[in-house]
Structure formats: C-alpha cells, structure tokens
$ cat my_file-v1.pdb   # PDB, C-alpha atoms
ATOM      1  CA  MET Q   1       8.261   4.440 -22.014
ATOM      2  CA  SER Q   2       9.742   6.438 -19.156
ATOM      3  CA  LYS Q   3       9.075   4.624 -15.904
ATOM      4  CA  THR Q   4       8.142   6.080 -12.519
ATOM      5  CA  HIS Q   5      10.694   4.889  -9.962
ATOM      6  CA  ILE Q   6       8.912   3.915  -6.763
ATOM      7  CA  ILE Q   7       9.979   2.955  -3.264
ATOM      8  CA  LEU Q   8       7.143   1.064  -1.558
ATOM      9  CA  ASP Q   9       6.434   1.009   2.189
ATOM     10  CA  THR Q  10       3.793  -1.629   2.943
ATOM     11  CA  ASP Q  11       2.118  -3.500   5.790
ATOM     12  CA  ILE Q  12       1.287  -6.400   3.476
ATOM     13  CA  GLY Q  13       0.146  -9.540   5.273
ATOM     14  CA  GLY Q  14      -2.551  -7.929   7.409
ATOM     15  CA  ASP Q  15      -5.370  -6.660   5.249
ATOM     16  CA  ILE Q  16      -5.295  -8.214   1.789
ATOM     17  CA  ASP Q  17      -5.452  -4.921  -0.126
ATOM     18  CA  ASP Q  18      -1.665  -4.531   0.010
ATOM     19  CA  THR Q  19      -1.354  -7.782  -1.931
ATOM     20  CA  TRP Q  20      -3.731  -6.450  -4.589
ATOM     21  CA  ALA Q  21      -1.718  -3.213  -4.738
ATOM     22  CA  LEU Q  22       1.616  -5.002  -5.121
ATOM     23  CA  ALA Q  23       0.200  -7.129  -7.931
ATOM     24  CA  PHE Q  24      -1.133  -4.019  -9.668
ATOM     25  CA  LEU Q  25       2.249  -2.296  -9.442
ATOM     26  CA  LEU Q  26       4.015  -5.380 -10.792
ATOM     27  CA  ALA Q  27       1.552  -5.483 -13.689
ATOM     28  CA  SER Q  28       1.963  -1.788 -14.587
ATOM     29  CA  ALA Q  29       4.501  -1.031 -17.309
ATOM     30  CA  GLU Q  30       4.793   2.578 -16.099
ATOM     31  CA  VAL Q  31       6.369   1.448 -12.816
ATOM     32  CA  SER Q  32       9.874   0.492 -11.699
ATOM     33  CA  LEU Q  33       9.897  -0.778  -8.120
ATOM     34  CA  ASP Q  34      13.327   0.093  -6.759
ATOM     35  CA  PHE Q  35      12.984  -0.987  -3.096
ATOM     36  CA  ILE Q  36      10.258  -2.397  -0.850
ATOM     37  CA  ILE Q  37      10.200  -2.097   2.947
ATOM     38  CA  THR Q  38       7.743  -3.906   5.215
ATOM     39  CA  TRP Q  39       6.042  -2.630   8.356
ATOM     40  CA  PRO Q  40       8.095  -3.562  11.455
ATOM     41  CA  ARG Q  41       5.438  -5.595  13.274
ATOM     42  CA  CYS Q  42       5.936  -9.159  11.937
ATOM     43  CA  ALA Q  43       8.326  -7.673   9.353
ATOM     44  CA  GLU Q  44       9.886 -10.955   8.223
ATOM     45  CA  TYR Q  45       6.516 -12.611   7.617
ATOM     46  CA  ARG Q  46       5.461  -9.611   5.511
ATOM     47  CA  ALA Q  47       8.751  -9.685   3.605
ATOM     48  CA  ARG Q  48       8.215 -13.360   2.760
ATOM     49  CA  ILE Q  49       4.929 -12.476   1.063
ATOM     50  CA  VAL Q  50       6.624  -9.688  -0.892
ATOM     51  CA  ALA Q  51       9.505 -11.959  -1.903
ATOM     52  CA  LYS Q  52       7.270 -14.769  -3.117
ATOM     53  CA  MET Q  53       5.069 -12.350  -5.071
ATOM     54  CA  LEU Q  54       8.125 -10.791  -6.729
ATOM     55  CA  GLU Q  55       9.505 -14.200  -7.617
ATOM     56  CA  ILE Q  56       6.206 -15.243  -9.196
ATOM     57  CA  ALA Q  57       6.159 -12.006 -11.201
ATOM     58  CA  GLY Q  58       9.720 -12.589 -12.426
ATOM     59  CA  GLN Q  59      11.011  -9.525 -10.560
ATOM     60  CA  ASP Q  60      13.054 -11.168  -7.834
ATOM     61  CA  HIS Q  61      15.891  -8.684  -8.353
ATOM     62  CA  ILE Q  62      14.075  -5.987  -6.337
ATOM     63  CA  PRO Q  63      15.682  -5.417  -2.911
ATOM     64  CA  ILE Q  64      13.520  -5.882   0.186
ATOM     65  CA  GLY Q  65      14.015  -4.296   3.589
ATOM     66  CA  LEU Q  66      12.629  -5.488   6.912
ATOM     67  CA  GLY Q  67      11.179  -2.506   8.717
ATOM     68  CA  ASP Q  68      12.931  -1.960  12.038
ATOM     69  CA  ALA Q  69      11.256   1.158  13.416
ATOM     70  CA  PRO Q  70       9.593   0.999  16.841
ATOM     71  CA  THR Q  71       5.807   0.688  16.673
ATOM     72  CA  PRO Q  72       3.213   1.724  19.256
ATOM     73  CA  LYS Q  73       1.953  -0.916  21.657
ATOM     74  CA  PRO Q  74      -0.985  -2.711  20.024
ATOM     75  CA  SER Q  75      -4.431  -1.701  21.215
ATOM     76  CA  GLY Q  76      -6.405  -3.952  23.520
ATOM     77  CA  ASN Q  77      -8.360  -5.497  20.635
ATOM     78  CA  TYR Q  78      -5.247  -6.297  18.569
ATOM     79  CA  ASN Q  79      -5.192  -9.920  17.428
ATOM     80  CA  PRO Q  80      -1.659 -11.046  16.491
ATOM     81  CA  ILE Q  81      -3.101 -13.898  14.425
ATOM     82  CA  MET Q  82      -4.375 -11.281  11.970
ATOM     83  CA  ALA Q  83      -0.800 -10.682  10.833
ATOM     84  CA  TYR Q  84      -0.466 -14.305   9.700
ATOM     85  CA  LYS Q  85      -3.581 -14.705   7.574
ATOM     86  CA  GLN Q  86      -1.608 -15.430   4.416
ATOM     87  CA  ALA Q  87       0.793 -17.906   5.993
ATOM     88  CA  ALA Q  88      -1.039 -20.810   4.354
ATOM     89  CA  TRP Q  89      -0.136 -19.370   0.951
ATOM     90  CA  LEU Q  90       3.521 -19.001   1.915
ATOM     91  CA  LYS Q  91       3.770 -22.654   2.987
ATOM     92  CA  ASP Q  92       7.488 -23.320   3.507
ATOM     93  CA  TYR Q  93       8.749 -20.350   1.451
ATOM     94  CA  ARG Q  94      11.742 -18.730   3.194
ATOM     95  CA  LEU Q  95      13.491 -15.418   2.720
ATOM     96  CA  ASP Q  96      16.647 -17.435   2.031
ATOM     97  CA  ASP Q  97      14.910 -18.658  -1.138
ATOM     98  CA  TYR Q  98      14.782 -15.130  -2.552
ATOM     99  CA  LYS Q  99      17.446 -14.249  -5.115
ATOM    100  CA  GLY Q 100      17.425 -10.502  -4.491
ATOM    101  CA  GLU Q 101      18.928  -8.517  -1.647
ATOM    102  CA  ILE Q 102      17.301  -8.730   1.801
ATOM    103  CA  ARG Q 103      18.155  -5.948   4.248
ATOM    104  CA  LYS Q 104      17.398  -6.482   7.930
ATOM    105  CA  ASP Q 105      18.253  -2.827   8.637
ATOM    106  CA  GLY Q 106      15.260  -1.685   6.635
ATOM    107  CA  CYS Q 107      15.171   1.990   7.620
ATOM    108  CA  ALA Q 108      18.894   2.472   6.988
ATOM    109  CA  ALA Q 109      18.479   0.791   3.610
ATOM    110  CA  LEU Q 110      15.504   3.025   2.825
ATOM    111  CA  ILE Q 111      17.607   6.101   3.497
ATOM    112  CA  GLU Q 112      20.421   4.773   1.313
ATOM    113  CA  TYR Q 113      18.146   4.112  -1.657
ATOM    114  CA  ILE Q 114      16.598   7.571  -1.411
ATOM    115  CA  MET Q 115      19.855   9.445  -0.964
ATOM    116  CA  ASP Q 116      21.654   7.486  -3.689
ATOM    117  CA  ALA Q 117      18.892   8.006  -6.249
ATOM    118  CA  LYS Q 118      19.960  10.167  -9.195
ATOM    119  CA  GLU Q 119      16.449  11.587  -9.598
ATOM    120  CA  PRO Q 120      13.654  12.455  -7.142
ATOM    121  CA  VAL Q 121      12.012   9.381  -5.653
ATOM    122  CA  LYS Q 122       8.309   8.565  -5.557
ATOM    123  CA  LEU Q 123       7.766   7.278  -2.018
ATOM    124  CA  LEU Q 124       4.565   5.220  -1.941
ATOM    125  CA  CYS Q 125       3.261   4.402   1.539
ATOM    126  CA  ILE Q 126       0.259   2.095   1.990
ATOM    127  CA  GLY Q 127       0.573   1.257   5.668
ATOM    128  CA  PRO Q 128       1.272   2.908   9.033
ATOM    129  CA  LEU Q 129       4.154   5.357   8.788
ATOM    130  CA  ASP Q 130       6.562   4.142  11.478
ATOM    131  CA  ASN Q 131       9.407   3.345   9.055
ATOM    132  CA  ILE Q 132       9.148   6.716   7.365
ATOM    133  CA  ALA Q 133       9.037   8.615  10.648
ATOM    134  CA  LYS Q 134      12.197   6.832  11.829
ATOM    135  CA  ALA Q 135      13.956   7.483   8.518
ATOM    136  CA  LEU Q 136      13.069  11.186   8.757
ATOM    137  CA  GLU Q 137      14.442  11.319  12.286
ATOM    138  CA  LEU Q 138      17.710   9.713  11.179
ATOM    139  CA  LYS Q 139      18.028  11.672   7.921
ATOM    140  CA  PRO Q 140      15.635  14.637   7.555
ATOM    141  CA  GLU Q 141      17.129  15.383   4.120
ATOM    142  CA  ILE Q 142      15.235  12.481   2.552
ATOM    143  CA  ALA Q 143      12.078  14.613   2.437
ATOM    144  CA  GLY Q 144      13.641  16.983  -0.080
ATOM    145  CA  LYS Q 145      14.337  14.082  -2.445
ATOM    146  CA  CYS Q 146      10.889  12.479  -2.371
ATOM    147  CA  ASP Q 147       7.413  13.001  -3.725
ATOM    148  CA  PHE Q 148       5.233  11.372  -1.067
ATOM    149  CA  VAL Q 149       2.121   9.413  -2.084
ATOM    150  CA  GLY Q 150       0.011   7.592   0.472
ATOM    151  CA  LEU Q 151      -3.228   5.952   1.427
ATOM    152  CA  HIS Q 152      -3.987   7.839   4.600
ATOM    153  CA  GLY Q 153      -6.855   9.500   6.362
ATOM    154  CA  SER Q 154     -10.498  10.349   5.976
ATOM    155  CA  VAL Q 155     -11.429  13.918   5.096
ATOM    156  CA  ARG Q 156     -15.135  14.198   4.277
ATOM    157  CA  LEU Q 157     -16.289  10.587   3.946
ATOM    158  CA  GLY Q 158     -15.599   7.439   5.932
ATOM    159  CA  TYR Q 159     -15.459   3.747   5.072
ATOM    160  CA  PHE Q 160     -17.993   2.621   2.443
ATOM    161  CA  GLY Q 161     -18.926   6.242   1.699
ATOM    162  CA  GLU Q 162     -20.281   6.989   5.183
ATOM    163  CA  PRO Q 163     -21.179  10.708   5.329
ATOM    164  CA  ASN Q 164     -18.802  11.502   8.193
ATOM    165  CA  PRO Q 165     -15.004  11.124   8.304
ATOM    166  CA  THR Q 166     -13.590   8.482  10.574
ATOM    167  CA  GLY Q 167     -10.247   7.211  11.810
ATOM    168  CA  GLU Q 168      -8.417   5.421   8.982
ATOM    169  CA  TYR Q 169      -6.218   2.505  10.077
ATOM    170  CA  ASN Q 170      -2.890   3.599   8.578
ATOM    171  CA  VAL Q 171      -3.047   6.840  10.569
ATOM    172  CA  VAL Q 172      -4.810   5.630  13.718
ATOM    173  CA  ALA Q 173      -2.303   2.778  14.155
ATOM    174  CA  SER Q 174       0.585   5.248  14.613
ATOM    175  CA  PRO Q 175      -0.659   8.838  15.034
ATOM    176  CA  LYS Q 176       2.679  10.294  16.122
ATOM    177  CA  ALA Q 177       4.439   8.789  13.119
ATOM    178  CA  ALA Q 178       1.738  10.190  10.840
ATOM    179  CA  GLN Q 179       2.091  13.638  12.402
ATOM    180  CA  ALA Q 180       5.841  13.609  11.760
ATOM    181  CA  VAL Q 181       5.446  12.437   8.184
ATOM    182  CA  PHE Q 182       2.655  14.856   7.301
ATOM    183  CA  ALA Q 183       4.702  17.759   8.691
ATOM    184  CA  ALA Q 184       7.867  16.882   6.730
ATOM    185  CA  PRO Q 185       8.943  19.152   3.824
ATOM    186  CA  TRP Q 186       8.408  16.687   0.970
ATOM    187  CA  ARG Q 187       8.884  17.860  -2.610
ATOM    188  CA  SER Q 188       5.155  17.166  -2.919
ATOM    189  CA  MET Q 189       2.565  15.245  -0.920
ATOM    190  CA  THR Q 190      -0.499  13.459  -2.331
ATOM    191  CA  ILE Q 191      -2.923  11.166  -0.524
ATOM    192  CA  THR Q 192      -5.994   9.116  -1.270
ATOM    193  CA  PRO Q 193      -8.158   9.113   1.870
ATOM    194  CA  LEU Q 194     -11.175   6.885   2.455
ATOM    195  CA  ASP Q 195     -13.175   9.421   0.458
ATOM    196  CA  THR Q 196     -11.909   7.804  -2.758
ATOM    197  CA  CYS Q 197     -10.495   4.434  -1.716
ATOM    198  CA  GLY Q 198     -12.686   3.208   1.123
ATOM    199  CA  PHE Q 199     -15.392   1.476  -0.911
ATOM    200  CA  ILE Q 200     -13.733  -0.186  -3.919
ATOM    201  CA  TYR Q 201     -14.325  -3.815  -4.881
ATOM    202  CA  LEU Q 202     -13.783  -5.657  -8.132
ATOM    203  CA  ASP Q 203     -16.790  -7.686  -9.200
ATOM    204  CA  GLY Q 204     -18.572  -8.997 -12.270
ATOM    205  CA  PRO Q 205     -16.567  -9.922 -15.387
ATOM    206  CA  ASP Q 206     -13.592  -7.842 -14.272
ATOM    207  CA  TYR Q 207     -13.160  -9.846 -11.086
ATOM    208  CA  GLN Q 208     -13.687 -13.158 -12.857
ATOM    209  CA  LYS Q 209     -10.787 -12.315 -15.178
ATOM    210  CA  ILE Q 210      -8.544 -12.547 -12.123
ATOM    211  CA  ARG Q 211     -10.242 -15.374 -10.239
ATOM    212  CA  LEU Q 212     -10.202 -17.610 -13.307
ATOM    213  CA  GLY Q 213      -6.995 -16.215 -14.762
ATOM    214  CA  ALA Q 214      -4.243 -18.533 -15.887
ATOM    215  CA  THR Q 215      -1.314 -16.151 -15.400
ATOM    216  CA  PRO Q 216       0.939 -16.670 -12.348
ATOM    217  CA  LEU Q 217       0.257 -13.208 -10.912
ATOM    218  CA  ALA Q 218      -3.534 -13.555 -11.170
ATOM    219  CA  GLN Q 219      -3.351 -16.991  -9.579
ATOM    220  CA  ALA Q 220      -1.161 -15.698  -6.755
ATOM    221  CA  VAL Q 221      -3.593 -12.906  -5.911
ATOM    222  CA  SER Q 222      -6.597 -15.228  -6.060
ATOM    223  CA  GLU Q 223      -4.888 -17.831  -3.879
ATOM    224  CA  ASN Q 224      -3.901 -15.240  -1.277
ATOM    225  CA  TYR Q 225      -7.463 -13.991  -1.170
ATOM    226  CA  ARG Q 226      -8.852 -17.500  -0.657
ATOM    227  CA  PHE Q 227      -6.425 -18.157   2.187
ATOM    228  CA  TRP Q 228      -7.128 -14.804   3.811
ATOM    229  CA  ASN Q 229      -9.148 -15.542   6.959
ATOM    230  CA  HIS Q 230     -11.785 -12.805   6.930
ATOM    231  CA  PRO Q 231     -15.574 -12.656   6.404
ATOM    232  CA  ASP Q 232     -15.009 -10.861   3.082
ATOM    233  CA  ALA Q 233     -13.179 -13.912   1.783
ATOM    234  CA  ALA Q 234     -16.425 -15.891   1.923
ATOM    235  CA  ASN Q 235     -17.402 -13.970  -1.206
ATOM    236  CA  TRP Q 236     -14.210 -14.752  -3.087
ATOM    237  CA  ARG Q 237     -16.056 -16.369  -6.004
ATOM    238  CA  GLN Q 238     -18.140 -13.223  -6.615
ATOM    239  CA  ARG Q 239     -15.958 -10.241  -5.774
ATOM    240  CA  SER Q 240     -12.663  -9.060  -4.405
ATOM    241  CA  SER Q 241     -12.029  -7.729  -0.944
ATOM    242  CA  LEU Q 242     -11.794  -3.983  -0.533
ATOM    243  CA  ILE Q 243      -8.806  -2.916  -2.642
ATOM    244  CA  CYS Q 244      -8.152   0.465  -1.004
ATOM    245  CA  ASP Q 245      -4.373   0.360  -1.447
ATOM    246  CA  VAL Q 246      -4.655  -0.068  -5.207
ATOM    247  CA  VAL Q 247      -5.816   3.565  -5.410
ATOM    248  CA  GLY Q 248      -2.646   4.687  -3.645
ATOM    249  CA  ALA Q 249      -0.585   2.570  -6.018
ATOM    250  CA  TYR Q 250      -2.298   4.179  -9.003
ATOM    251  CA  LEU Q 251      -1.687   7.702  -7.663
ATOM    252  CA  ALA Q 252       2.029   6.979  -7.563
ATOM    253  CA  PHE Q 253       2.206   7.116 -11.354
ATOM    254  CA  ASP Q 254      -1.061   8.692 -12.609
ATOM    255  CA  ASP Q 255      -4.126  10.619 -11.430
ATOM    256  CA  ALA Q 256      -6.219  10.930 -14.606
ATOM    257  CA  PHE Q 257      -9.236   9.114 -13.137
ATOM    258  CA  LEU Q 258      -9.367  11.191  -9.932
ATOM    259  CA  ASN Q 259     -10.229  14.724  -8.856
ATOM    260  CA  LEU Q 260      -7.615  16.260  -6.579
ATOM    261  CA  GLU Q 261      -8.017  19.235  -4.259
ATOM    262  CA  GLU Q 262      -5.309  21.097  -2.389
ATOM    263  CA  LEU Q 263      -6.464  21.088   1.239
ATOM    264  CA  PRO Q 264      -4.912  22.205   4.561
ATOM    265  CA  ILE Q 265      -4.644  18.954   6.556
ATOM    266  CA  THR Q 266      -3.734  18.374  10.192
ATOM    267  CA  VAL Q 267      -3.275  14.990  11.888
ATOM    268  CA  THR Q 268      -4.761  14.963  15.374
ATOM    269  CA  ASP Q 269      -3.349  13.108  18.381
ATOM    270  CA  THR Q 270      -6.086  10.514  17.922
ATOM    271  CA  GLY Q 271      -5.103   9.856  14.298
ATOM    272  CA  HIS Q 272      -7.780  11.808  12.455
ATOM    273  CA  THR Q 273      -6.993  13.856   9.353
ATOM    274  CA  VAL Q 274      -8.945  17.094   9.493
ATOM    275  CA  ILE Q 275      -9.231  20.151   7.269
ATOM    276  CA  ASP Q 276      -7.599  22.918   9.309
ATOM    277  CA  PRO Q 277      -7.422  26.304   7.521
ATOM    278  CA  THR Q 278      -5.377  27.809  10.352
ATOM    279  CA  ASP Q 279      -2.617  25.265  11.031
ATOM    280  CA  GLY Q 280      -3.065  22.640   8.311
ATOM    281  CA  LYS Q 281      -0.438  21.810   5.721
ATOM    282  CA  LEU Q 282      -1.502  22.139   2.091
ATOM    283  CA  ILE Q 283      -1.416  18.749   0.396
ATOM    284  CA  LYS Q 284      -3.060  17.234  -2.672
ATOM    285  CA  VAL Q 285      -6.044  15.102  -1.702
ATOM    286  CA  ALA Q 286      -7.943  12.766  -4.030
ATOM    287  CA  THR Q 287     -11.491  13.626  -3.000
ATOM    288  CA  SER Q 288     -13.662  12.200  -5.806
ATOM    289  CA  TRP Q 289     -13.616  10.111  -8.980
ATOM    290  CA  LYS Q 290     -13.783  11.163 -12.601
ATOM    291  CA  ASP Q 291     -14.057   7.632 -14.022
ATOM    292  CA  PHE Q 292     -14.416   4.983 -11.368
ATOM    293  CA  GLU Q 293     -15.543   2.128 -13.622
ATOM    294  CA  THR Q 294     -12.715   2.537 -16.135
ATOM    295  CA  PHE Q 295     -10.210   2.528 -13.282
ATOM    296  CA  LYS Q 296     -11.525  -0.781 -11.948
ATOM    297  CA  HIS Q 297     -11.493  -2.296 -15.439
ATOM    298  CA  MET Q 298      -7.871  -1.217 -15.908
ATOM    299  CA  VAL Q 299      -6.808  -2.780 -12.584
ATOM    300  CA  ALA Q 300      -8.464  -6.102 -13.362
ATOM    301  CA  THR Q 301      -7.179  -6.233 -16.931
ATOM    302  CA  ARG Q 302      -3.595  -5.590 -15.906
ATOM    303  CA  ILE Q 303      -3.464  -8.142 -13.117
ATOM    304  CA  ALA Q 304      -5.208 -10.789 -15.236
ATOM    305  CA  ALA Q 305      -2.961 -10.218 -18.245
ATOM    306  CA  ASN Q 306       0.359 -10.398 -16.400
TER     307      ASN Q 306
END

$ encode --input "my_file-v1.pdb" --output "structure tokens"
Amino acid sequence: MSKTHIILDTDIGGDIDDTWALAFLLASAEVSLDFIITWPRCAEYRARIVAKMLEIAGQDHIPIGLGDAPTPKPSGNYNPIMAYKQAAWLKDYRLDDYKGEIRKDGCAALIEYIMDAKEPVKLLCIGPLDNIAKALELKPEIAGKCDFVGLHGSVRLGYFGEPNPTGEYNVVASPKAAQAVFAAPWRSMTITPLDTCGFIYLDGPDYQKIRLGATPLAQAVSENYRFWNHPDAANWRQRSSLICDVVGAYLAFDDAFLNLEELPITVTDTGHTVIDPTDGKLIKVATSWKDFETFKHMVATRIAAN
C-alpha cells in the first residue's frame, strides 16, 4: 500500500481531540507520519504527550519539533492550567526518554523536512497556525511543496450544528497567522470547518471498543481522556469527548465519507472564515457528510485494534 506522507502541526495537550487524532493517524495503515511539531505555547509539555504516544504505538522513530513561533498574547479569559490537563497521564515521562530526534528549533526543522522531501508533502494542521505562518515568512517556497489540510473555521454552521457560523478556536486564537496561511500559494488547500467536525462524538458499542480495549493505543487514549479535566470527561464511561480533529486527520489521506465544495474563503481580522465571492481564495471545504456513521465506526475500530 502506498502511504500518504504527513507532517503534523498540533496543539495537543489543550483540548483532548488532538490526542484522538494522533491515535487515529497512528492506527491508519495509509499514513506515514514524517515529522510532528507542537504549538509554541507550552511546546515542551505538548511534545512530551506526542513522544509518549508515539512510544506506546511503537513509532518512536518519528522526529518531533518544539514550536518556536511567537504567539499572540492570551486573551483575558485564558487559563494556563488548561494546557496541563494531561500532565497526570505523563507522570514523570521526559523528552530525554524518547528515542527519536527532538528539535528545539521546530520551525526551522519543519522547513527542512518540507524542503528535503522528494515528493509533495501533506501538511496537516489541527491547531492555531503560528508555526506555519513563521515558516512561510522564513521560507515562502514551502507552500509550493505542500498540500495543506486543516481543521479551521466555521462557514455555514457553528459548534454542535448551530445554524450560524461562529469563531472557531484554531483561527480565533491567531487570526493574523491564519490570514497569512490561508493566503499562501499552497499546491492545494482543504479544510474541515465546524460544519462537519464540530459535533462528533463516539458513543455506544464503538466507544466501548476503545474504553474497554486491551491494546496499548486504546488504553492510552482512554487514560488521557479520564485524566482530562473538563466537564465532558464526566461522561467518559458513555462517550468520547468531541473528536473534531479526527476529521482533519482523515481528510489528510481520504475524503470518501465527506462532501467537498470549492468556496471563496476570507479570514477576517477577528478570526472568522467567511464566504467572500469578491476577495476570497478558492479552497476545498468539507461542508457535509456522505456517511457519518461508517466514518465513526472506522475511527473506533482502528484505534481499538491497534
């Protein structure tokens, strides 16, 4: 099987959906993860989660970069404790314990991996886009070597299928970075906005496959979810958290379960993604599902089996 080579940019360690997405990628035979870079805010903590997950999955050869781009000043309601919700799962695990390469100059390493790649790179972004904006500033040529896939924005629907679009975190957290990334001349650009990813849980027998699973990867995901300090985690015996980022991960190697439209999108100064026929850039947008239930079953089966 020919694998899709992916570079992953993630803010894992905040919301738990990045952990679900990483597990799904590690459990997908279609995927080769070539490099993973963490969001700069609390970058080392995030990298520790990545490293321990990779070790558990038997893929501790994958290089990890610590994001080093500047990030906007946190908003007044930012709680720094949120970034450490999964620390209880890490326990005393250190980056020094990881067998693979750790790069503290994450953005420089990102550029190197893209520019050295023999084939076009699938750049999967499931967090705020500060690292990518810095990399573009340092080396604009990376855009021509990448197919960009991301979880970003809200076009027609908001969280939980609300009938009006809203500000989606990955864009609102760093609007200027998102504007730079959305304007870049990528080989192609595909996103899943909240319209298709903002309401997805695993529940029923599919979720129980993971919660009660005996495989190391299933146990790691379930443990992280239990330790995650959030009201959603109170339901951990019945259902997963929102797994928005898993949809972005899926789009990096397949789109058979989704309907995509080519839409002219603009990112506003307030971090909203709007359809703008005059000035918008045409990108592929996953706007609805063809087979939602089969997708969820596939995700659960893969994580539970690996």

$ atom_distance --input "my_file-v1.pdb" --atom1 "CA of Trp186 in chain Q" --atom2 "CA of Ala133 in chain Q"
12.6 Å

$ resolve_selection --input "my_file-v1.pdb" --expression "the PyMOL selection byres ((chain Q and resi 153) around 10)" --output "list in words"
Gly150, Leu151, His152, Ser154, Val155, Arg156, Leu157, Gly158, Pro165, Thr166, Gly167, Glu168, Tyr169, Asn170, Val171, Val172, Ala178, Ile191, Thr192, Pro193, Leu194, Asp195, Ile265, Val267, Gly271, His272, Thr273, Val274 and Val285 of chain Q

$ closest_residue --input "my_file-v1.pdb" --among "Q:Leu123, Q:Val246, Q:Ile275, Q:Ile12" --to "Asn224 in chain Q" --atoms "all atoms listed in the file"
Q:Ile12

$ residues_around --input "my_file-v1.pdb" --residues "Trp289 in chain Q" --least-positions-apart "4" --cutoff "9 Å" --atoms "all atoms listed in the file" --output "list of chain:residue names"
Q:Thr196, Q:Phe257, Q:Leu258, Q:Asn259, Q:Leu260

$ write_last_selection --input "my_file-v1.pdb" --atoms "C-alpha atoms" --output "PDB file, keeping the file's coordinate frame"
ATOM      1  CA  THR Q 196     -11.909   7.804  -2.758  1.00  0.00           C
ATOM      2  CA  PHE Q 257      -9.236   9.114 -13.137  1.00  0.00           C
ATOM      3  CA  LEU Q 258      -9.367  11.191  -9.932  1.00  0.00           C
ATOM      4  CA  ASN Q 259     -10.229  14.724  -8.856  1.00  0.00           C
ATOM      5  CA  LEU Q 260      -7.615  16.260  -6.579  1.00  0.00           C
TER       6      LEU Q 260
END

$ atom_distance --input "my_file-v1.pdb" --atom1 "CA of Tyr159 in chain Q" --atom2 "CA of Leu242 in chain Q"
10.2 Å

$ closest_residue --input "my_file-v1.pdb" --among "Q:Gly14, Q:Pro185, Q:Gly58, Q:Pro40" --to "Leu217 in chain Q" --atoms "all atoms listed in the file"
Q:Gly58

$ closest_residue --input "my_file-v1.pdb" --among "Q:Thr38, Q:Gln179, Q:Thr190, Q:Thr10" --to "Thr287 in chain Q" --atoms "only C-alpha atoms"
Q:Thr190

$ resolve_selection --input "my_file-v1.pdb" --expression "the PyMOL selection byres ((chain Q and resi 102) around 12)" --output "ChimeraX atom specification"
/Q:35-38,43-44,47-48,50-51,60-67,94-101,103-106,109-110

$ residues_around --input "my_file-v1.pdb" --residues "range 26-31 of chain Q" --least-positions-apart "3" --cutoff "8 Å" --atoms "only C-alpha atoms" --output "list in words"
Met1, Ser2, Lys3, Thr4, His5, Ile6, Leu22, Ala23, Leu54, Ala57, Phe253, Arg302, Ile303, Ala305 and Asn306 of chain Q

$ closest_residue --input "my_file-v1.pdb" --among "Q:Gln59, Q:Asn131, Q:Ala300, Q:Ala173" --to "Ala218 in chain Q" --atoms "only C-alpha atoms"
Q:Ala300

$ atom_distance --input "my_file-v1.pdb" --atom1 "CA of Tyr84 in chain Q" --atom2 "CA of Tyr207 in chain Q"
24.8 Å

$ closest_residue --input "my_file-v1.pdb" --among "Q:Met298, Q:Ile210, Q:Ile16, Q:Cys146" --to "Ser241 in chain Q" --atoms "all atoms listed in the file"
Q:Ile16

$ closest_residue --input "my_file-v1.pdb" --among "Q:Thr270, Q:Ser240, Q:Ser174, Q:Thr294" --to "Thr71 in chain Q" --atoms "all atoms listed in the file"
Q:Ser174

$ axis_aligned_box --input "my_file-v1.pdb" --around "range 29-45 of chain Q" --padding-each-side "6 Å" --output "AutoDock Vina command-line options"
--center_x 8.9 --center_y -5.0 --center_z -2.0 --size_x 20.8 --size_y 27.2 --size_z 42.6

$ residues_near_point --input "my_file-v1.pdb" --point "(-9.1, -12.2, 4.8)" --cutoff "9 Å" --atoms "all atoms listed in the file" --output "list in words"
Gly14, Asp15, Ile16, Met82, Lys85, Gln86, Asn224, Tyr225, Arg226, Phe227, Trp228, Asn229, His230, Pro231, Asp232, Ala233, Ala234 and Ser241 of chain Q

$ residues_around --input "my_file-v1.pdb" --residues "range 219-222 of chain Q" --least-positions-apart "4" --cutoff "7 Å" --atoms "all atoms listed in the file" --output "PyMOL selection string"
chain Q and resi 19-20+210-211+213-215+226

$ decode --input "my_file-v1.pdb" --residues "range 292-303 of chain Q" --atoms "N, CA and C atoms" --output "PDB file, in the first residue's frame"
ATOM      1  N   PHE Q 292     -21.675   9.457   7.765  1.00  0.00           N
ATOM      2  CA  PHE Q 292     -21.180   9.847   9.072  1.00  0.00           C
ATOM      3  C   PHE Q 292     -20.979   8.640   9.984  1.00  0.00           C
ATOM      4  N   GLU Q 293     -21.946   7.729  10.016  1.00  0.00           N
ATOM      5  CA  GLU Q 293     -21.892   6.602  10.934  1.00  0.00           C
ATOM      6  C   GLU Q 293     -20.760   5.633  10.583  1.00  0.00           C
ATOM      7  N   THR Q 294     -20.551   5.391   9.296  1.00  0.00           N
ATOM      8  CA  THR Q 294     -19.462   4.497   8.898  1.00  0.00           C
ATOM      9  C   THR Q 294     -18.110   5.101   9.246  1.00  0.00           C
ATOM     10  N   PHE Q 295     -17.991   6.411   9.107  1.00  0.00           N
ATOM     11  CA  PHE Q 295     -16.753   7.089   9.495  1.00  0.00           C
ATOM     12  C   PHE Q 295     -16.460   6.863  10.971  1.00  0.00           C
ATOM     13  N   LYS Q 296     -17.431   7.089  11.827  1.00  0.00           N
ATOM     14  CA  LYS Q 296     -17.215   6.912  13.265  1.00  0.00           C
ATOM     15  C   LYS Q 296     -16.845   5.458  13.591  1.00  0.00           C
ATOM     16  N   HIS Q 297     -17.492   4.524  12.946  1.00  0.00           N
ATOM     17  CA  HIS Q 297     -17.195   3.108  13.171  1.00  0.00           C
ATOM     18  C   HIS Q 297     -15.747   2.807  12.768  1.00  0.00           C
ATOM     19  N   MET Q 298     -15.306   3.360  11.668  1.00  0.00           N
ATOM     20  CA  MET Q 298     -13.939   3.141  11.195  1.00  0.00           C
ATOM     21  C   MET Q 298     -12.938   3.681  12.216  1.00  0.00           C
ATOM     22  N   VAL Q 299     -13.178   4.888  12.712  1.00  0.00           N
ATOM     23  CA  VAL Q 299     -12.265   5.507  13.688  1.00  0.00           C
ATOM     24  C   VAL Q 299     -12.139   4.627  14.922  1.00  0.00           C
ATOM     25  N   ALA Q 300     -13.266   4.219  15.473  1.00  0.00           N
ATOM     26  CA  ALA Q 300     -13.254   3.407  16.686  1.00  0.00           C
ATOM     27  C   ALA Q 300     -12.584   2.061  16.468  1.00  0.00           C
ATOM     28  N   THR Q 301     -12.884   1.433  15.347  1.00  0.00           N
ATOM     29  CA  THR Q 301     -12.312   0.113  15.051  1.00  0.00           C
ATOM     30  C   THR Q 301     -10.810   0.185  14.924  1.00  0.00           C
ATOM     31  N   ARG Q 302     -10.312   1.207  14.256  1.00  0.00           N
ATOM     32  CA  ARG Q 302      -8.862   1.321  14.077  1.00  0.00           C
ATOM     33  C   ARG Q 302      -8.134   1.562  15.385  1.00  0.00           C
ATOM     34  N   ILE Q 303      -8.622   2.488  16.187  1.00  0.00           N
ATOM     35  CA  ILE Q 303      -7.937   2.785  17.441  1.00  0.00           C
ATOM     36  C   ILE Q 303      -7.989   1.577  18.374  1.00  0.00           C
TER      37      ILE Q 303
END
